[in-house]
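The structure file work_31.txt is reproduced below (compact mmCIF, C-alpha atoms).
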# COMPACT_ATOMS: atom_id res chain seq x y z
CA MET A 1 -18.89 21.12 -1.68
CA ARG A 2 -18.55 17.61 -3.09
CA ARG A 3 -14.88 18.19 -3.85
CA GLU A 4 -14.26 19.33 -0.26
CA GLN A 5 -16.08 16.26 1.08
CA HIS A 6 -14.03 14.03 -1.23
CA ARG A 7 -10.78 15.57 0.05
CA SER A 8 -11.99 15.09 3.62
CA VAL A 9 -12.64 11.38 2.97
CA ASP A 10 -9.23 11.02 1.28
CA ALA A 11 -7.53 12.74 4.23
CA SER A 12 -9.33 10.52 6.75
CA LEU A 13 -8.37 7.35 4.90
CA ALA A 14 -4.81 8.58 4.40
CA ALA A 15 -4.49 9.21 8.13
CA LEU A 16 -5.61 5.64 8.82
CA ILE A 17 -3.21 4.13 6.25
CA VAL A 18 -0.07 5.82 7.54
CA GLY A 19 1.97 3.32 9.54
CA LYS A 20 3.13 -0.28 9.26
CA TRP A 21 0.94 -3.17 8.10
CA GLN A 22 1.70 -6.90 8.20
CA GLU A 23 0.59 -9.50 5.70
CA PRO A 24 -1.70 -12.26 7.00
CA ALA A 25 -0.03 -15.27 8.66
CA PRO A 26 1.89 -17.34 7.84
CA TYR A 27 3.57 -14.59 5.79
CA THR A 28 5.78 -11.91 7.31
CA ALA A 29 5.89 -9.09 4.74
CA VAL A 30 5.41 -5.56 6.06
CA LEU A 31 4.26 -2.44 4.21
CA ARG A 32 5.10 1.00 5.58
CA PHE A 33 3.05 3.96 4.37
CA ASP A 34 4.59 7.32 5.29
CA ALA A 35 2.58 10.54 5.53
CA SER A 36 4.90 12.00 2.88
CA GLY A 37 3.45 9.58 0.30
CA THR A 38 6.26 7.04 0.26
CA VAL A 39 5.72 3.31 0.64
CA THR A 40 8.25 0.59 1.45
CA VAL A 41 7.83 -3.18 1.60
CA ALA A 42 10.15 -5.75 3.16
CA ASN A 43 10.05 -9.40 4.13
CA PHE A 44 10.27 -8.46 7.82
CA GLU A 45 9.63 -5.25 9.78
CA ALA A 46 13.31 -5.08 10.83
CA GLU A 47 14.32 -4.97 7.13
CA LEU A 48 12.24 -1.94 6.08
CA ASP A 49 15.25 0.39 6.26
CA THR A 50 18.06 -2.08 5.63
CA LYS A 51 16.79 -4.59 3.07
CA PRO A 52 13.57 -3.39 1.40
CA LEU A 53 12.05 -5.47 -1.38
CA ALA A 54 10.59 -2.37 -3.03
CA SER A 55 9.85 1.28 -2.47
CA GLY A 56 7.94 4.01 -4.22
CA THR A 57 4.93 6.24 -3.75
CA TRP A 58 1.29 5.84 -2.81
CA ALA A 59 -1.75 8.03 -3.42
CA LEU A 60 -5.44 7.89 -2.62
CA THR A 61 -8.39 8.93 -4.74
CA GLY A 62 -11.46 8.22 -2.67
CA SER A 63 -10.95 4.63 -1.51
CA GLN A 64 -8.71 3.76 -4.46
CA LEU A 65 -5.03 3.26 -3.59
CA THR A 66 -2.36 3.60 -6.26
CA PHE A 67 1.14 2.22 -5.77
CA VAL A 68 4.02 3.32 -8.01
CA ASN A 69 7.17 1.28 -7.37
CA THR A 70 10.34 3.19 -8.23
CA SER A 71 12.94 0.74 -6.91
CA GLY A 72 13.14 -2.98 -6.28
CA VAL A 73 10.34 -5.42 -7.09
CA CYS A 74 7.85 -4.17 -9.71
CA SER A 75 9.99 -1.15 -10.69
CA THR A 76 10.93 -2.70 -14.05
CA PRO A 77 9.69 -2.88 -16.66
CA VAL A 78 7.96 0.50 -16.39
CA SER A 79 4.66 -1.19 -17.30
CA ASN A 80 4.80 -3.05 -13.93
CA GLN A 81 5.36 0.02 -11.74
CA THR A 82 1.73 1.02 -11.10
CA GLY A 83 -0.85 -1.02 -9.21
CA VAL A 84 -4.36 0.18 -8.36
CA TYR A 85 -6.50 -1.28 -5.57
CA ASP A 86 -9.82 -0.51 -3.94
CA ILE A 87 -9.25 -0.57 -0.20
CA VAL A 88 -11.22 -0.88 2.99
CA VAL A 89 -9.30 0.48 5.95
CA THR A 90 -10.06 0.58 9.66
CA ALA A 91 -7.87 1.46 12.61
CA THR A 92 -6.57 -2.13 12.66
CA THR A 93 -7.10 -3.68 9.19
CA LEU A 94 -6.38 -2.86 5.54
CA SER A 95 -8.07 -4.93 2.82
CA PHE A 96 -7.08 -4.89 -0.86
CA SER A 97 -9.21 -5.54 -3.96
CA MET A 98 -7.21 -5.29 -7.18
CA GLN A 99 -8.47 -3.06 -9.98
CA ASN A 100 -5.34 -3.23 -12.13
CA ASP A 101 -1.87 -4.48 -11.31
CA PRO A 102 0.38 -6.12 -13.90
CA CYS A 103 3.10 -6.97 -11.35
CA PRO A 104 2.78 -10.60 -10.17
CA GLN A 105 4.93 -10.00 -7.07
CA ARG A 106 2.63 -7.20 -5.84
CA ASN A 107 -0.77 -8.38 -7.03
CA VAL A 108 -0.68 -11.31 -4.60
CA ILE A 109 -2.17 -8.85 -2.08
CA ASP A 110 -5.49 -8.99 -3.95
CA GLY A 111 -8.16 -10.19 -1.53
CA GLU A 112 -5.85 -10.00 1.50
CA THR A 113 -6.49 -8.18 4.76
CA TRP A 114 -3.38 -6.90 6.52
CA LYS A 115 -3.17 -5.94 10.19
CA LYS A 116 -1.80 -2.69 11.57
CA LEU A 117 1.46 -2.88 13.51
CA GLN A 118 1.68 0.81 14.41
Hey, can you dump this file as structure tokens for me?
Amino acid sequence: MRREQHRSVDASLAALIVGKWQEPAPYTAVLRFDASGTVTVANFEAELDTKPLASGTWALTGSQLTFVNTSGVCSTPVSNQTGVYDIVVTATTLSFSMQNDPCPQRNVIDGETWKKLQ
């Protein structure tokens, strides 16, 4: 039963995460989490498909979010690809608390709360 409850929590959080999230002002970066498990980040929403800074995969275990960057920023060296964060997510906000992330370009999100765009 616990395993089923855990999956239910993961699925609920995953459903909330899917979409586009913007970094707190004055910054303009946007993260897009797709239901397929892919994640893309760009400096501006309009650049997600044309000029991404990085892309890769995301996964949830409970309220722990794992990023694995496979292209762009944080994709090399391999030791920088994976970042792990505890998250708090609502319908409108996503907060990050770093557990382990060796990539200095990604770990700047530690302590930030992003707002949902869609």
*Which distance in Å separates atom CA of Cys103 of chain A and atom CA of Tyr85 of chain A, to one decimal?*
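For atom CA of Cys103 of chain A relative to atom CA of Tyr85 of chain A, the distance reads 12.6 Å.
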_Report, in Å with one decimal, the straight-line distance from atom CA of Ser75 of chain A to atom CA of Thr57 of chain A._
11.3 Å
*asked:* So that I can check the surroundings of segment 78-83 of chain A, please list as a list in words every protein, DNA and RNA residue that reaches within 8 Å of it, counting all atoms listed in the file and ignoring chain neighbours fewer than 5 positions away.
replied: Thr66, Phe67, Val68, Asn69, Thr70, Met98, Gln99, Asn100, Asp101, Pro102, Cys103, Arg106 and Asn107 of chain A
*Considering only C-alpha atoms, return as a ChimeraX atom specification whatever protein or nucleic-acid residues lie within 9 Å of segment 49-54 of chain A, sequence-local ones (same chain, fewer than 4 positions apart) excluded.*
/A:39-45,69-75
*asked:* From the options A:Pro77, A:Trp114, A:Ala25, A:Arg32, which residue's atoms come nearest to Ser55 of chain A, counting only C-alpha atoms?
replied: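 Nearest to Ser55 of chain A: A:Arg32.
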Near Thr93 of chain A, counting only C-alpha atoms, which residues have an atom at most 7 Å away, once you skip same-chain residues fewer than 4 positions from it, shown as a PDB file with C-alpha atoms, keeping the file's coordinate frame?
ATOM      1  CA  VAL A  89      -9.300   0.480   5.950  1.00  0.00           C
ATOM      2  CA  THR A 113      -6.490  -8.180   4.760  1.00  0.00           C
ATOM      3  CA  TRP A 114      -3.380  -6.900   6.520  1.00  0.00           C
ATOM      4  CA  LYS A 115      -3.170  -5.940  10.190  1.00  0.00           C
ATOM      5  CA  LYS A 116      -1.800  -2.690  11.570  1.00  0.00           C
TER       6      LYS A 116
END
*Tell me which protein, DNA and RNA residues are within 7 Å of Phe96 of chain A, counting only C-alpha atoms, leaving out same-chain ones fewer than 4 positions away, and put them as number ranges by chain.*
A: 85-88, 109-113
*Could you please determine the separation between atom CA of Ser95 of chain A and atom CA of Thr76 of chain A in Å, to one decimal place?*
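Spanning atom CA of Ser95 of chain A to atom CA of Thr76 of chain A is a straight-line distance of 25.5 Å.
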*Hey, which of A:Leu65, A:Leu48, A:Thr90, A:Ala11 ends up closest to Leu31 of chain A? Count all atoms listed in the file.*
A:Leu48
*Quick one: residues within 8 Å of Phe33 of chain A, only C-alpha atoms counted, chain neighbours fewer than 5 positions away excluded, as a VMD selection string?*
chain A and resid 17 to 20 38 to 40 58
